[in-house]
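Asks: Hey, dropping protein.txt in here, compact mmCIF, C-alpha atoms:
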# COMPACT_ATOMS: atom_id res chain seq x y z
CA MET D 9 -21.06 -79.68 -20.41
CA SER D 10 -20.82 -80.85 -16.81
CA HIS D 11 -17.20 -79.69 -16.65
CA SER D 12 -18.25 -76.17 -17.73
CA VAL D 13 -20.98 -76.09 -15.09
CA VAL D 14 -18.49 -77.10 -12.39
CA LEU D 15 -16.03 -74.42 -13.50
CA ALA D 16 -18.78 -71.78 -13.51
CA ALA D 17 -19.88 -72.83 -10.01
CA ASN D 18 -16.32 -72.68 -8.73
CA GLY D 19 -15.85 -69.24 -10.30
CA ALA D 20 -19.07 -67.99 -8.72
CA ASP D 21 -17.96 -69.25 -5.30
CA THR D 22 -14.57 -67.57 -5.71
CA THR D 23 -16.20 -64.27 -6.72
CA ARG D 24 -18.56 -64.47 -3.76
CA ILE D 25 -15.73 -65.13 -1.33
CA VAL D 26 -13.62 -62.26 -2.71
CA ALA D 27 -16.59 -59.88 -2.58
CA PHE D 28 -17.39 -60.98 0.98
CA TRP D 29 -13.87 -60.30 2.25
CA LEU D 30 -13.67 -56.99 0.38
CA LEU D 31 -16.99 -55.78 1.81
CA ALA D 32 -16.06 -57.08 5.26
CA ILE D 33 -12.81 -55.11 5.25
CA ILE D 34 -14.63 -51.97 4.08
CA ALA D 35 -17.34 -52.37 6.74
CA VAL D 36 -14.88 -52.98 9.58
CA ALA D 37 -12.63 -50.08 8.50
CA ALA D 38 -15.62 -47.73 8.25
CA ALA D 39 -16.92 -48.87 11.65
CA LEU D 40 -13.55 -48.25 13.32
CA SER D 41 -13.25 -44.87 11.62
CA MET D 42 -16.77 -44.01 12.78
CA VAL D 43 -15.85 -44.77 16.39
CA LEU D 44 -12.59 -42.81 16.21
CA ALA D 45 -13.90 -39.82 14.22
CA ARG D 46 -14.20 -36.54 16.12
CA LYS D 47 -16.94 -34.90 14.02
CA ALA D 48 -20.52 -36.13 14.18
CA VAL D 49 -21.13 -35.57 10.46
CA HIS D 50 -18.16 -37.77 9.56
CA CYS D 51 -19.49 -40.46 11.93
CA ALA D 52 -22.88 -40.40 10.20
CA LEU D 53 -21.33 -40.69 6.73
CA LEU D 54 -19.11 -43.58 7.82
CA LEU D 55 -22.15 -45.29 9.34
CA ALA D 56 -23.81 -45.03 5.91
CA VAL D 57 -20.83 -46.89 4.41
CA VAL D 58 -21.24 -49.65 7.01
CA MET D 59 -24.97 -49.97 6.31
CA LEU D 60 -24.49 -50.13 2.54
CA SER D 61 -21.81 -52.81 2.93
CA LEU D 62 -24.18 -54.87 5.09
CA ALA D 63 -26.95 -54.46 2.51
CA VAL D 64 -24.73 -55.87 -0.23
CA LEU D 65 -23.75 -58.77 2.03
CA TYR D 66 -27.43 -59.52 2.70
CA ALA D 67 -28.15 -59.54 -1.03
CA MET D 68 -25.20 -61.87 -1.67
CA GLU D 69 -26.48 -64.31 0.96
CA GLY D 70 -29.89 -64.52 -0.69
CA ALA D 71 -31.81 -62.21 1.65
CA PRO D 72 -33.13 -59.47 -0.66
CA PHE D 73 -35.78 -58.27 1.81
CA LEU D 74 -33.17 -57.44 4.46
CA ALA D 75 -30.98 -55.81 1.81
CA PHE D 76 -33.75 -53.48 0.59
CA VAL D 77 -34.86 -52.67 4.14
CA GLN D 78 -31.27 -51.86 5.06
CA VAL D 79 -30.97 -49.43 2.15
CA ILE D 80 -34.44 -47.86 2.15
CA VAL D 81 -35.27 -47.69 5.86
CA TYR D 82 -31.95 -47.38 7.65
CA THR D 83 -29.63 -45.74 5.12
CA GLY D 84 -32.22 -43.76 3.19
CA ALA D 85 -34.51 -42.62 6.01
CA VAL D 86 -33.09 -42.93 9.51
CA LEU D 87 -29.51 -41.99 8.69
CA MET D 88 -30.54 -39.08 6.45
CA LEU D 89 -32.70 -37.83 9.33
CA PHE D 90 -29.61 -37.87 11.55
CA LEU D 91 -27.69 -35.86 8.96
CA PHE D 92 -30.47 -33.29 8.62
CA VAL D 93 -30.61 -32.83 12.39
CA LEU D 94 -26.84 -32.44 12.61
CA MET D 95 -26.76 -29.87 9.82
CA ILE D 96 -29.73 -27.87 11.13
CA VAL D 97 -29.01 -27.94 14.86
CA GLY D 98 -25.22 -28.23 14.72
CA VAL D 99 -22.86 -29.79 17.22
CA THR D 100 -19.69 -28.67 18.93
CA ALA D 101 -16.42 -30.53 18.54
CA SER D 102 -15.37 -29.99 22.16
CA ASP D 103 -15.08 -33.12 24.30
CA SER D 104 -16.47 -33.18 27.82
CA LEU D 105 -14.44 -35.16 30.36
CA VAL D 106 -17.10 -34.89 33.06
CA GLU D 107 -18.98 -38.12 33.82
CA THR D 108 -22.65 -37.16 33.86
CA ILE D 109 -23.67 -40.75 34.70
CA ARG D 110 -21.73 -42.36 37.52
CA GLY D 111 -20.12 -45.65 36.55
CA GLN D 112 -20.82 -45.32 32.84
CA ARG D 113 -17.27 -46.33 31.91
CA LEU D 114 -17.58 -49.59 33.84
CA TRP D 115 -20.91 -50.41 32.22
CA ALA D 116 -19.51 -49.48 28.82
CA ALA D 117 -16.55 -51.83 29.35
CA LEU D 118 -18.85 -54.68 30.41
CA GLY D 119 -21.09 -54.06 27.41
CA GLY D 120 -18.07 -54.10 25.08
CA ILE D 121 -16.85 -57.39 26.53
CA GLY D 122 -20.32 -58.91 26.14
CA LEU D 123 -20.51 -57.72 22.54
CA LEU D 124 -17.13 -59.28 21.78
CA VAL D 125 -18.30 -62.59 23.27
CA LEU D 126 -21.46 -62.55 21.15
CA LEU D 127 -19.47 -61.71 18.02
CA GLY D 128 -17.05 -64.55 18.77
CA LEU D 129 -19.90 -67.03 19.20
CA THR D 130 -21.53 -65.84 15.98
CA VAL D 131 -18.31 -66.11 13.99
CA GLY D 132 -17.58 -69.54 15.45
CA HIS D 133 -21.06 -70.81 14.61
CA ALA D 134 -20.74 -69.47 11.06
CA ALA D 135 -17.32 -71.09 10.64
CA ILE D 136 -18.33 -74.47 12.05
CA GLY D 137 -21.93 -74.67 10.82
CA SER D 138 -23.28 -74.74 7.30
CA ASN D 139 -22.46 -71.92 4.90
CA ALA D 140 -25.58 -72.33 2.78
CA PRO D 141 -27.26 -69.11 1.71
CA ALA D 142 -30.38 -67.90 3.47
CA SER D 143 -32.60 -68.82 0.53
CA ALA D 144 -31.51 -72.46 0.83
CA GLN D 145 -32.09 -72.55 4.60
CA PHE D 146 -35.44 -70.75 4.83
CA GLY D 147 -37.08 -71.36 1.46
CA SER D 148 -36.75 -70.10 -2.07
CA SER D 149 -38.31 -66.70 -1.33
CA ASN D 150 -37.89 -65.18 2.10
CA VAL D 151 -39.79 -62.07 0.95
CA PHE D 152 -42.92 -64.14 0.40
CA SER D 153 -42.52 -65.89 3.75
CA LEU D 154 -42.00 -62.65 5.64
CA ALA D 155 -44.97 -60.99 3.93
CA ARG D 156 -47.20 -63.94 4.82
CA LEU D 157 -46.11 -63.84 8.46
CA ILE D 158 -46.51 -60.05 8.74
CA PHE D 159 -50.01 -59.91 7.28
CA THR D 160 -51.37 -63.11 8.87
CA THR D 161 -49.75 -64.14 12.13
CA TYR D 162 -48.28 -60.78 13.18
CA VAL D 163 -50.81 -58.42 11.63
CA PHE D 164 -51.85 -56.87 14.98
CA PRO D 165 -48.26 -55.98 16.11
CA PHE D 166 -47.61 -54.66 12.60
CA GLU D 167 -50.64 -52.33 12.76
CA VAL D 168 -49.73 -51.20 16.29
CA THR D 169 -46.20 -50.37 15.14
CA SER D 170 -47.58 -48.43 12.17
CA ALA D 171 -49.93 -46.44 14.43
CA LEU D 172 -47.03 -45.72 16.80
CA LEU D 173 -44.87 -44.38 13.98
CA ILE D 174 -47.70 -42.21 12.63
CA THR D 175 -48.37 -40.84 16.13
CA ALA D 176 -44.68 -40.03 16.58
CA ALA D 177 -44.58 -38.20 13.24
CA LEU D 178 -47.72 -36.19 14.08
CA GLY D 179 -46.36 -35.35 17.53
CA ALA D 180 -43.10 -34.08 16.04
CA MET D 181 -45.05 -31.90 13.59
CA VAL D 182 -47.23 -30.47 16.38
CA LEU D 183 -44.21 -29.70 18.58
CA ALA D 184 -42.30 -28.10 15.72
CA HIS D 185 -45.27 -26.02 14.50
CA ARG D 186 -45.42 -22.39 15.66
CA GLU D 187 -48.58 -20.35 15.60
CA ARG D 188 -48.15 -16.84 14.19
CA THR D 189 -49.68 -13.97 16.14
CA SER D 190 -49.51 -11.70 13.09
CA PRO D 191 -49.53 -12.34 9.34
CA LYS D 192 -46.20 -13.01 7.71
CA PRO D 193 -44.81 -9.76 6.24
CA THR D 194 -44.45 -9.68 2.48
CA GLN D 195 -41.49 -8.37 0.50
CA ARG D 196 -43.34 -5.12 -0.22
CA ALA D 197 -44.10 -4.58 3.50
CA LEU D 198 -40.45 -5.18 4.44
CA ALA D 199 -39.28 -2.68 1.79
CA LYS D 200 -41.75 -0.04 3.02
CA ARG D 201 -40.68 -0.57 6.62
CA ARG D 202 -37.04 -0.05 5.68
CA VAL D 203 -37.68 3.13 3.69
CA ALA D 204 -40.09 4.60 6.29
CA SER D 205 -37.22 5.55 8.64
CA GLY D 206 -35.77 7.92 6.03
CA ARG D 207 -32.44 6.05 5.91
CA PRO D 208 -32.76 2.90 3.81
CA ALA D 209 -29.00 2.36 3.72
CA PRO D 210 -27.22 0.94 6.78
CA LEU D 211 -25.38 3.27 9.13
CA PRO D 212 -21.67 3.79 8.45
CA GLY D 213 -19.31 1.79 10.62
CA PRO D 214 -16.99 3.49 13.11
CA GLY D 215 -13.58 4.44 11.81
CA THR D 216 -14.63 4.44 8.14
CA TYR D 217 -12.47 6.91 6.20
CA ALA D 218 -11.21 8.26 9.55
CA ARG D 219 -7.62 8.64 10.66
CA HIS D 220 -7.95 5.80 13.20
CA ASN D 221 -9.74 2.47 13.36
CA ALA D 222 -10.98 2.92 16.95
CA VAL D 223 -14.62 2.11 17.63
CA ASP D 224 -15.22 5.56 19.18
CA MET D 225 -13.87 7.47 16.17
CA PRO D 226 -16.78 8.80 14.07
CA ALA D 227 -16.83 7.90 10.42
CA LEU D 228 -16.28 10.65 7.87
CA LEU D 229 -19.00 11.34 5.38
CA PRO D 230 -18.18 12.06 1.72
CA ASP D 231 -18.18 15.80 2.43
CA GLY D 232 -15.57 15.36 5.20
CA THR D 233 -17.87 15.92 8.20
CA PRO D 234 -17.99 13.30 10.97
CA SER D 235 -21.11 11.17 11.34
CA GLU D 236 -22.20 10.91 14.96
CA LEU D 237 -24.54 8.04 14.04
CA SER D 238 -21.55 5.80 13.37
CA VAL D 239 -20.57 5.70 17.07
CA SER D 240 -22.56 3.43 19.37
CA PRO D 241 -24.52 5.31 22.04
CA VAL D 242 -23.00 2.98 24.65
CA ILE D 243 -19.50 4.26 23.82
CA SER D 244 -20.33 7.90 23.09
CA GLY D 245 -20.89 8.77 26.76
CA ARG D 246 -17.59 7.39 28.08
CA PRO D 247 -14.40 9.48 28.15
CA LEU D 248 -11.29 7.67 27.01
CA PRO D 249 -8.15 7.49 29.20
CA VAL D 250 -5.11 9.51 28.30
CA ALA D 251 -1.54 8.29 28.14
CA GLY D 252 -0.11 7.50 31.59
CA GLN D 253 -3.50 7.43 33.33
CA GLN D 254 -3.90 4.79 36.04
CA PRO D 255 -6.91 2.43 36.04
CA GLY D 256 -9.82 3.96 37.94
CA GLN D 257 -8.38 7.50 37.75
CA PRO D 258 -10.86 9.99 36.23
CA ALA D 259 -9.93 11.39 32.87
CA GLY D 260 -8.52 14.89 32.86
CA PRO D 261 -9.65 17.81 30.76
CA ALA D 262 -7.22 16.86 28.04
CA ALA D 263 -8.73 13.39 27.59
CA ILE D 264 -9.95 12.46 24.17
CA ARG D 265 -13.71 12.10 24.07
CA PRO D 266 -15.93 10.63 21.40
CA GLY D 267 -17.30 13.02 18.86
CA GLN D 268 -13.96 14.72 18.15
CA GLN D 269 -13.43 15.82 14.60
CA ALA D 270 -10.41 15.02 12.55
CA ALA D 271 -8.68 18.34 11.93
CA PRO D 272 -6.22 18.82 9.07
CA GLY D 273 -2.55 18.71 9.92
CA GLY D 274 -2.69 15.59 12.13
CA GLU D 275 -4.47 17.18 15.17
CA ALA D 276 -7.79 16.25 16.70
CA GLY D 277 -10.03 18.87 18.29
CA GLU D 278 -13.46 18.61 19.83
CA ALA D 279 -16.35 20.25 18.01
CA GLY D 280 -16.40 23.91 19.06
CA ASP D 281 -13.08 23.59 20.95
CA GLU D 282 -9.90 25.21 19.69
CA THR D 283 -7.63 23.15 21.97
CA ALA D 284 -5.36 20.80 20.02
CA VAL D 285 -4.52 17.34 21.22
CA GLY D 286 -0.89 16.27 21.39
CA PRO D 287 0.70 13.13 19.95
CA GLU D 288 0.50 11.34 23.31
CA HIS D 289 -3.29 11.45 23.06
CA GLU D 290 -3.14 10.05 19.55
CA GLU D 291 -1.58 6.86 20.96
CA ALA D 292 -4.41 6.44 23.45
CA ARG D 293 -6.82 5.67 20.63
CA TRP D 294 -4.95 2.59 19.41
Will you turn the file into structure tokens for me?

Replies:
Amino acid sequence: MSHSVVLAANGADTTRIVAFWLLAIIAVAAALSMVLARKAVHCALLLAVVMLSLAVLYAMEGAPFLAFVQVIVYTGAVLMLFLFVLMIVGVTASDSLVETIRGQRLWAALGGIGLLVLLGLTVGHAAIGSNAPASAQFGSSNVFSLARLIFTTYVFPFEVTSALLITAALGAMVLAHRERTSPKPTQRALAKRRVASGRPAPLPGPGTYARHNAVDMPALLPDGTPSELSVSPVISGRPLPVAGQQPGQPAGPAAIRPGQQAAPGGEAGEAGDETAVGPEHEEARW
């Protein structure tokens, strides 16, 4: 009986060690990938992997309160908030090489060195000191101990922190709220507004069914007539240059102007004008 208990204990220790090293490798790899990733969304997802790995490690060491807080508060609330902000606001992938804060690289290097020193001291203390789980060091139930401390000794800081979080949430709602000066239009009102102009369908795009895809070429209607509404009013008042014209030189009388109709036989003539346009003017439209 005692031999079976010893074997079971040794097997449990081996499983715990293997799980610890596996989760440690996953957490470190995800952390390095998060630092080296170029997209903010990928960084947030990799940070979620790191947090979940830490939560499992906390549970293995007998700290269920920290494990649940890590999953519910950090991974489930804070990190998801980061993801929502990134997806709604959006970020650019371009890197800025301009130092907005003078000396930030030096301070970042010093902070990294200090972090490495702290990590080295922590790892050394864990390797030299006792490896007993947290439940054995701080009592059989750390959840009960933490709850007793929060609601007895530290009840005032706990209530102040709760009030601060509620105030921050209300402030964010007030800042994000927008007062409407007019009632929100319904679907029926939007449909009536679209039909009231007499043209519920969108305007035809320039160059549709025409002989060229230039933006100043009017679209042809189903009956073959050009639609002047398809050309932007900004472009319709500008004459186009002809072949061989220098920049800044005014267009001659033979220049192609917007509003010309597509005549059969491969020639373009202005409405009401019998003058044909040669092939050299055809090239000016491309």

Asks: Write out as a list of chain:residue names each polymer residue whose atoms come within 9 Å of Val151 (chain D), counting only C-alpha atoms; drop sequence neighbours fewer than 6 positions from it.

Replies: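 Residues near the query, excluding close chain neighbours: D:Ala71, D:Pro72, D:Phe73, D:Leu74.
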
Asks: Could you save those same residues with C-alpha atoms as an mmCIF file, in the frame of the given file?

Replies:
data_model
loop_
_atom_site.group_PDB
_atom_site.id
_atom_site.type_symbol
_atom_site.label_atom_id
_atom_site.label_comp_id
_atom_site.auth_asym_id
_atom_site.auth_seq_id
_atom_site.Cartn_x
_atom_site.Cartn_y
_atom_site.Cartn_z
ATOM 1 C CA ALA D 71 -31.810 -62.210 1.650
ATOM 2 C CA PRO D 72 -33.130 -59.470 -0.660
ATOM 3 C CA PHE D 73 -35.780 -58.270 1.810
ATOM 4 C CA LEU D 74 -33.170 -57.440 4.460
#

Asks: Rounded to one decimal, what separation in Å do you get between CA of Gly179 (chain D) and CA of Leu89 (chain D)?

Replies: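 Interatomic distance here is 16.1 Å.
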
Asks: Just give me the gap between CA of Lys47 (chain D) and CA of Ala177 (chain D) in Å, one decimal is fine.

Replies: 27.8 Å

Asks: Can you work out which one of D:Ala45, D:Leu127, D:Met88, D:Tyr82 has the shortest atom-to-atom distance to Ala63 (chain D), counting all atoms listed in the file?

Replies: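 Looking at the shortest contact to Ala63 (chain D), the residue is D:Tyr82.
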
Asks: For region 218-242 of chain D, where the input has fewer atoms than it should, I would like N, CA and C atoms rebuilt and written as an mmCIF file, keeping the file's coordinate frame.

Replies:
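Result went into result_23.cif, see below:
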data_model
loop_
_atom_site.group_PDB
_atom_site.id
_atom_site.type_symbol
_atom_site.label_atom_id
_atom_site.label_comp_id
_atom_site.auth_asym_id
_atom_site.auth_seq_id
_atom_site.Cartn_x
_atom_site.Cartn_y
_atom_site.Cartn_z
ATOM 1 N N ALA D 218 -11.772 7.417 8.490
ATOM 2 C CA ALA D 218 -11.210 8.260 9.550
ATOM 3 C C ALA D 218 -9.714 8.009 9.645
ATOM 4 N N ARG D 219 -9.068 8.787 10.546
ATOM 5 C CA ARG D 219 -7.620 8.640 10.660
ATOM 6 C C ARG D 219 -7.240 7.506 11.602
ATOM 7 N N HIS D 220 -8.203 6.911 12.295
ATOM 8 C CA HIS D 220 -7.950 5.800 13.200
ATOM 9 C C HIS D 220 -9.037 4.757 13.011
ATOM 10 N N ASN D 221 -8.747 3.531 13.454
ATOM 11 C CA ASN D 221 -9.740 2.470 13.360
ATOM 12 C C ASN D 221 -10.370 2.166 14.713
ATOM 13 N N ALA D 222 -10.362 3.114 15.650
ATOM 14 C CA ALA D 222 -10.980 2.920 16.950
ATOM 15 C C ALA D 222 -12.498 2.937 16.814
ATOM 16 N N VAL D 223 -13.173 2.219 17.726
ATOM 17 C CA VAL D 223 -14.620 2.110 17.630
ATOM 18 C C VAL D 223 -15.310 3.407 18.049
ATOM 19 N N ASP D 224 -14.596 4.301 18.758
ATOM 20 C CA ASP D 224 -15.220 5.560 19.180
ATOM 21 C C ASP D 224 -14.928 6.692 18.210
ATOM 22 N N MET D 225 -14.190 6.432 17.148
ATOM 23 C CA MET D 225 -13.870 7.470 16.170
ATOM 24 C C MET D 225 -15.000 7.557 15.155
ATOM 25 N N PRO D 226 -15.667 8.691 15.029
ATOM 26 C CA PRO D 226 -16.780 8.800 14.070
ATOM 27 C C PRO D 226 -16.283 8.616 12.644
ATOM 28 N N ALA D 227 -17.139 8.051 11.835
ATOM 29 C CA ALA D 227 -16.830 7.900 10.420
ATOM 30 C C ALA D 227 -16.973 9.248 9.724
ATOM 31 N N LEU D 228 -16.221 9.418 8.653
ATOM 32 C CA LEU D 228 -16.280 10.650 7.870
ATOM 33 C C LEU D 228 -17.197 10.447 6.680
ATOM 34 N N LEU D 229 -18.098 11.370 6.517
ATOM 35 C CA LEU D 229 -19.000 11.340 5.380
ATOM 36 C C LEU D 229 -18.272 11.796 4.119
ATOM 37 N N PRO D 230 -18.862 11.636 2.948
ATOM 38 C CA PRO D 230 -18.180 12.060 1.720
ATOM 39 C C PRO D 230 -17.801 13.531 1.687
ATOM 40 N N ASP D 231 -18.535 14.381 2.415
ATOM 41 C CA ASP D 231 -18.180 15.800 2.430
ATOM 42 C C ASP D 231 -17.126 16.141 3.470
ATOM 43 N N GLY D 232 -16.622 15.141 4.219
ATOM 44 C CA GLY D 232 -15.570 15.360 5.200
ATOM 45 C C GLY D 232 -16.051 15.594 6.613
ATOM 46 N N THR D 233 -17.345 15.700 6.847
ATOM 47 C CA THR D 233 -17.870 15.920 8.200
ATOM 48 C C THR D 233 -18.040 14.592 8.908
ATOM 49 N N PRO D 234 -17.822 14.563 10.232
ATOM 50 C CA PRO D 234 -17.990 13.300 10.970
ATOM 51 C C PRO D 234 -19.460 12.955 11.136
ATOM 52 N N SER D 235 -19.754 11.668 11.147
ATOM 53 C CA SER D 235 -21.110 11.170 11.340
ATOM 54 C C SER D 235 -21.242 10.640 12.754
ATOM 55 N N GLU D 236 -22.012 11.333 13.584
ATOM 56 C CA GLU D 236 -22.200 10.910 14.960
ATOM 57 C C GLU D 236 -22.997 9.609 15.052
ATOM 58 N N LEU D 237 -23.756 9.273 14.007
ATOM 59 C CA LEU D 237 -24.540 8.040 14.040
ATOM 60 C C LEU D 237 -23.679 6.793 13.927
ATOM 61 N N SER D 238 -22.422 6.957 13.527
ATOM 62 C CA SER D 238 -21.550 5.800 13.370
ATOM 63 C C SER D 238 -20.974 5.316 14.686
ATOM 64 N N VAL D 239 -21.098 6.083 15.762
ATOM 65 C CA VAL D 239 -20.570 5.700 17.070
ATOM 66 C C VAL D 239 -21.720 5.169 17.909
ATOM 67 N N SER D 240 -21.517 4.028 18.544
ATOM 68 C CA SER D 240 -22.560 3.430 19.370
ATOM 69 C C SER D 240 -22.893 4.332 20.538
ATOM 70 N N PRO D 241 -24.170 4.470 20.890
ATOM 71 C CA PRO D 241 -24.520 5.310 22.040
ATOM 72 C C PRO D 241 -23.970 4.792 23.350
ATOM 73 N N VAL D 242 -23.603 3.513 23.419
ATOM 74 C CA VAL D 242 -23.000 2.980 24.650
ATOM 75 C C VAL D 242 -21.603 3.542 24.844
#
